[in-house]
Amino acid sequence: MTIRIAPTAKISKLADIEDSVRGSLIIIGDNSVVDSFVKFKPAGGAGDVVIGARTVINSGCVLYTGNGIAIGNDVSIAANCTFAPVNHAFKRKDTLIREQRFGPGKGGIIVEDDVWIGAGSVLLDGAVLRKGCVIGAMSLVRGEVPAYTIQVGNPLREIGKRT
């Protein structure tokens with residue numbers, strides 16, 4: 001079994017955590033909460049998903065294992081967010097896209113401690129959210145977000161800092 005859930009974590013009976021056939025680990029830390037209709041999907045690579053302590057993942061979120069996801073402690077993830085640390089290959093026109101599989105990774109997704117991710121946000125492979133940052137609802141994150149900044153939109157832009 002490649003799913004490890006801390007005994008103090010609270011996982012909704014309506015969450016769907018698939019076990020990996022490639023050996024990817026899914027680890028959920030102490031006192032973390034995974035709400036209803038959250039989906040963990042081992043797909044697109046052999047990366048692990050590691051979630052720290054006291055992190056909350058609200059309903060409707062989807063986390064693909066892809067090239068890996070590391071989420072720190074005390075992170076708040078609002079409803080309907082997507083974590084997609086994977087890249088599809090698509091350049092060859094003589095081959096169907098679905099047959100081209102996946103492209104090279106960009107390092108997975110890293111979310112440091114004390115981060116808030118607003119509803120409907122999408123994090124792509126290579127996203128790094130530094131400590132204490134805030135991501136506004138419906139934002140697209142593709143690169144590094146500096147610590148304690150408040151960022152929104154697509155393209156992502158800084159609108160302030162936590163003081």
# chains A, B, ... in the order shown; residues from 1 in each chain; ligands from 1
$ residues_around --residues "region 8-21 of chain A" --least-positions-apart "2" --cutoff "6 Å" --atoms "only C-alpha atoms" --output "list in words"
Ala6, Gly23, Ser24, Asp30, Asn31, Ser32, Val33, Val34, Asp35, Ser36, Phe37, Val38, Lys39, Phe40, Lys41 and Pro42 of chain A
$ write_last_selection --atoms "C-alpha atoms" --output "PDB file, in the first residue's frame"
ATOM      1  CA  ALA A   6      -1.639   9.956   9.915  1.00  0.00           C
ATOM      2  CA  GLY A  23       4.741   3.120  -6.468  1.00  0.00           C
ATOM      3  CA  SER A  24       4.010   6.817  -5.931  1.00  0.00           C
ATOM      4  CA  ASP A  30      -1.102  14.891  11.401  1.00  0.00           C
ATOM      5  CA  ASN A  31      -4.364  16.769  11.925  1.00  0.00           C
ATOM      6  CA  SER A  32      -4.760  17.508   8.233  1.00  0.00           C
ATOM      7  CA  VAL A  33      -8.243  17.529   6.681  1.00  0.00           C
ATOM      8  CA  VAL A  34      -9.278  16.178   3.279  1.00  0.00           C
ATOM      9  CA  ASP A  35     -12.882  17.183   2.546  1.00  0.00           C
ATOM     10  CA  SER A  36     -15.590  15.531   0.445  1.00  0.00           C
ATOM     11  CA  PHE A  37     -15.023  15.056  -3.276  1.00  0.00           C
ATOM     12  CA  VAL A  38     -11.263  15.610  -3.138  1.00  0.00           C
ATOM     13  CA  LYS A  39      -9.525  13.375  -5.680  1.00  0.00           C
ATOM     14  CA  PHE A  40      -5.931  12.102  -5.450  1.00  0.00           C
ATOM     15  CA  LYS A  41      -5.011  10.651  -8.849  1.00  0.00           C
ATOM     16  CA  PRO A  42      -1.704   8.859  -9.489  1.00  0.00           C
TER      17      PRO A  42
END
$ atom_distance --atom1 "CA of Gly72 (chain A)" --atom2 "CA of Gly60 (chain A)"
19.9 Å
$ residues_around --residues "Ser76 (chain A)" --least-positions-apart "6" --cutoff "7 Å" --atoms "only C-alpha atoms" --output "number ranges by chain"
A: 55-57, 115-117
$ write_last_selection --atoms "all heavy atoms" --output "mmCIF file, in the first residue's frame"
data_model
loop_
_atom_site.group_PDB
_atom_site.id
_atom_site.type_symbol
_atom_site.label_atom_id
_atom_site.label_comp_id
_atom_site.auth_asym_id
_atom_site.auth_seq_id
_atom_site.Cartn_x
_atom_site.Cartn_y
_atom_site.Cartn_z
ATOM 1 N N THR A 55 -2.950 20.830 7.514
ATOM 2 C CA THR A 55 -3.304 21.377 6.207
ATOM 3 C C THR A 55 -4.739 20.979 5.885
ATOM 4 O O THR A 55 -5.162 19.862 6.193
ATOM 5 C CB THR A 55 -2.311 20.870 5.144
ATOM 6 O OG1 THR A 55 -1.072 21.545 5.353
ATOM 7 C CG2 THR A 55 -2.791 21.134 3.737
ATOM 8 N N VAL A 56 -5.488 21.903 5.273
ATOM 9 C CA VAL A 56 -6.889 21.649 4.929
ATOM 10 C C VAL A 56 -7.047 21.724 3.416
ATOM 11 O O VAL A 56 -6.661 22.712 2.790
ATOM 12 C CB VAL A 56 -7.815 22.679 5.611
ATOM 13 C CG1 VAL A 56 -9.256 22.471 5.169
ATOM 14 C CG2 VAL A 56 -7.697 22.591 7.122
ATOM 15 N N ILE A 57 -7.626 20.667 2.855
ATOM 16 C CA ILE A 57 -7.941 20.625 1.430
ATOM 17 C C ILE A 57 -9.462 20.536 1.319
ATOM 18 O O ILE A 57 -10.065 19.525 1.677
ATOM 19 C CB ILE A 57 -7.264 19.431 0.734
ATOM 20 C CG1 ILE A 57 -5.743 19.471 0.954
ATOM 21 C CG2 ILE A 57 -7.598 19.435 -0.759
ATOM 22 C CD1 ILE A 57 -5.020 18.256 0.438
ATOM 23 N N VAL A 115 0.480 28.860 3.707
ATOM 24 C CA VAL A 115 0.029 29.396 2.418
ATOM 25 C C VAL A 115 -1.483 29.243 2.326
ATOM 26 O O VAL A 115 -2.049 28.262 2.807
ATOM 27 C CB VAL A 115 0.724 28.643 1.255
ATOM 28 C CG1 VAL A 115 0.088 28.968 -0.083
ATOM 29 C CG2 VAL A 115 2.214 28.957 1.240
ATOM 30 N N TRP A 116 -2.135 30.201 1.688
ATOM 31 C CA TRP A 116 -3.567 30.124 1.418
ATOM 32 C C TRP A 116 -3.761 30.164 -0.090
ATOM 33 O O TRP A 116 -3.272 31.077 -0.755
ATOM 34 C CB TRP A 116 -4.299 31.275 2.084
ATOM 35 C CG TRP A 116 -5.775 31.318 1.821
ATOM 36 C CD1 TRP A 116 -6.581 30.296 1.418
ATOM 37 C CD2 TRP A 116 -6.619 32.458 1.945
ATOM 38 N NE1 TRP A 116 -7.877 30.725 1.288
ATOM 39 C CE2 TRP A 116 -7.931 32.059 1.612
ATOM 40 C CE3 TRP A 116 -6.393 33.785 2.315
ATOM 41 C CZ2 TRP A 116 -8.999 32.928 1.630
ATOM 42 C CZ3 TRP A 116 -7.476 34.648 2.336
ATOM 43 C CH2 TRP A 116 -8.758 34.222 2.006
ATOM 44 N N ILE A 117 -4.473 29.172 -0.622
ATOM 45 C CA ILE A 117 -4.751 29.085 -2.050
ATOM 46 C C ILE A 117 -6.258 29.240 -2.237
ATOM 47 O O ILE A 117 -7.041 28.432 -1.736
ATOM 48 C CB ILE A 117 -4.252 27.753 -2.627
ATOM 49 C CG1 ILE A 117 -2.742 27.600 -2.383
ATOM 50 C CG2 ILE A 117 -4.587 27.653 -4.116
ATOM 51 C CD1 ILE A 117 -2.198 26.223 -2.679
#
$ residues_around --residues "Ile3 (chain A)" --least-positions-apart "5" --cutoff "8 Å" --atoms "only C-alpha atoms" --output "PyMOL selection string"
chain A and resi 19+25-27
$ closest_residue --among "A:Val152, A:Val141, A:Ile77, A:Ala147" --to "Cys61 (chain A)" --atoms "only C-alpha atoms"
A:Ile77
$ select_by_dssp --residues "chain A" --states "strand (DSSP E or B)" --output "PyMOL selection string"
chain A and resi 3-5+10-11+16-17+26-28+33-34+39-41+49-51+56-57+62-64+69-71+76-77+82-84+88+102+109-111+116-117+122-124+128-129+134-135+140-141+144-145+149-152+157-161
$ atom_distance --atom1 "CA of Ala53 (chain A)" --atom2 "CA of Gly66 (chain A)"
21.9 Å
$ residues_around --residues "region 87-89 of chain A" --least-positions-apart "3" --cutoff "12 Å" --atoms "only C-alpha atoms" --output "list in words"
Ala43, Gly44, Gly45, Tyr64, Thr65, Gly66, Asn67, Phe83, Ala84, Arg92, Lys93, Thr95, Leu96, Ile97, Arg98, Glu99, Gln100, Arg101, Phe102, Gly103, Pro104, Gly105, Lys106, Gly107, Gly108, Leu124, Asp125, Gly126 and Arg142 of chain A
$ closest_residue --among "A:Val128, A:Ile109, A:Val145, A:Cys81" --to "Val50 (chain A)" --atoms "only C-alpha atoms"
A:Ile109
$ residues_around --residues "Arg130 (chain A)" --least-positions-apart "2" --cutoff "12 Å" --atoms "only C-alpha atoms" --output "list of chain:residue names"
A:Ala70, A:Ile71, A:Gly72, A:Val75, A:Ile109, A:Ile110, A:Val111, A:Glu112, A:Asp113, A:Asp114, A:Val115, A:Trp116, A:Ile117, A:Ala127, A:Val128, A:Gly132, A:Cys133, A:Val134, A:Ile135, A:Gly143, A:Glu144, A:Val145, A:Pro146, A:Ala147, A:Tyr148, A:Thr149, A:Ile150, A:Gln151
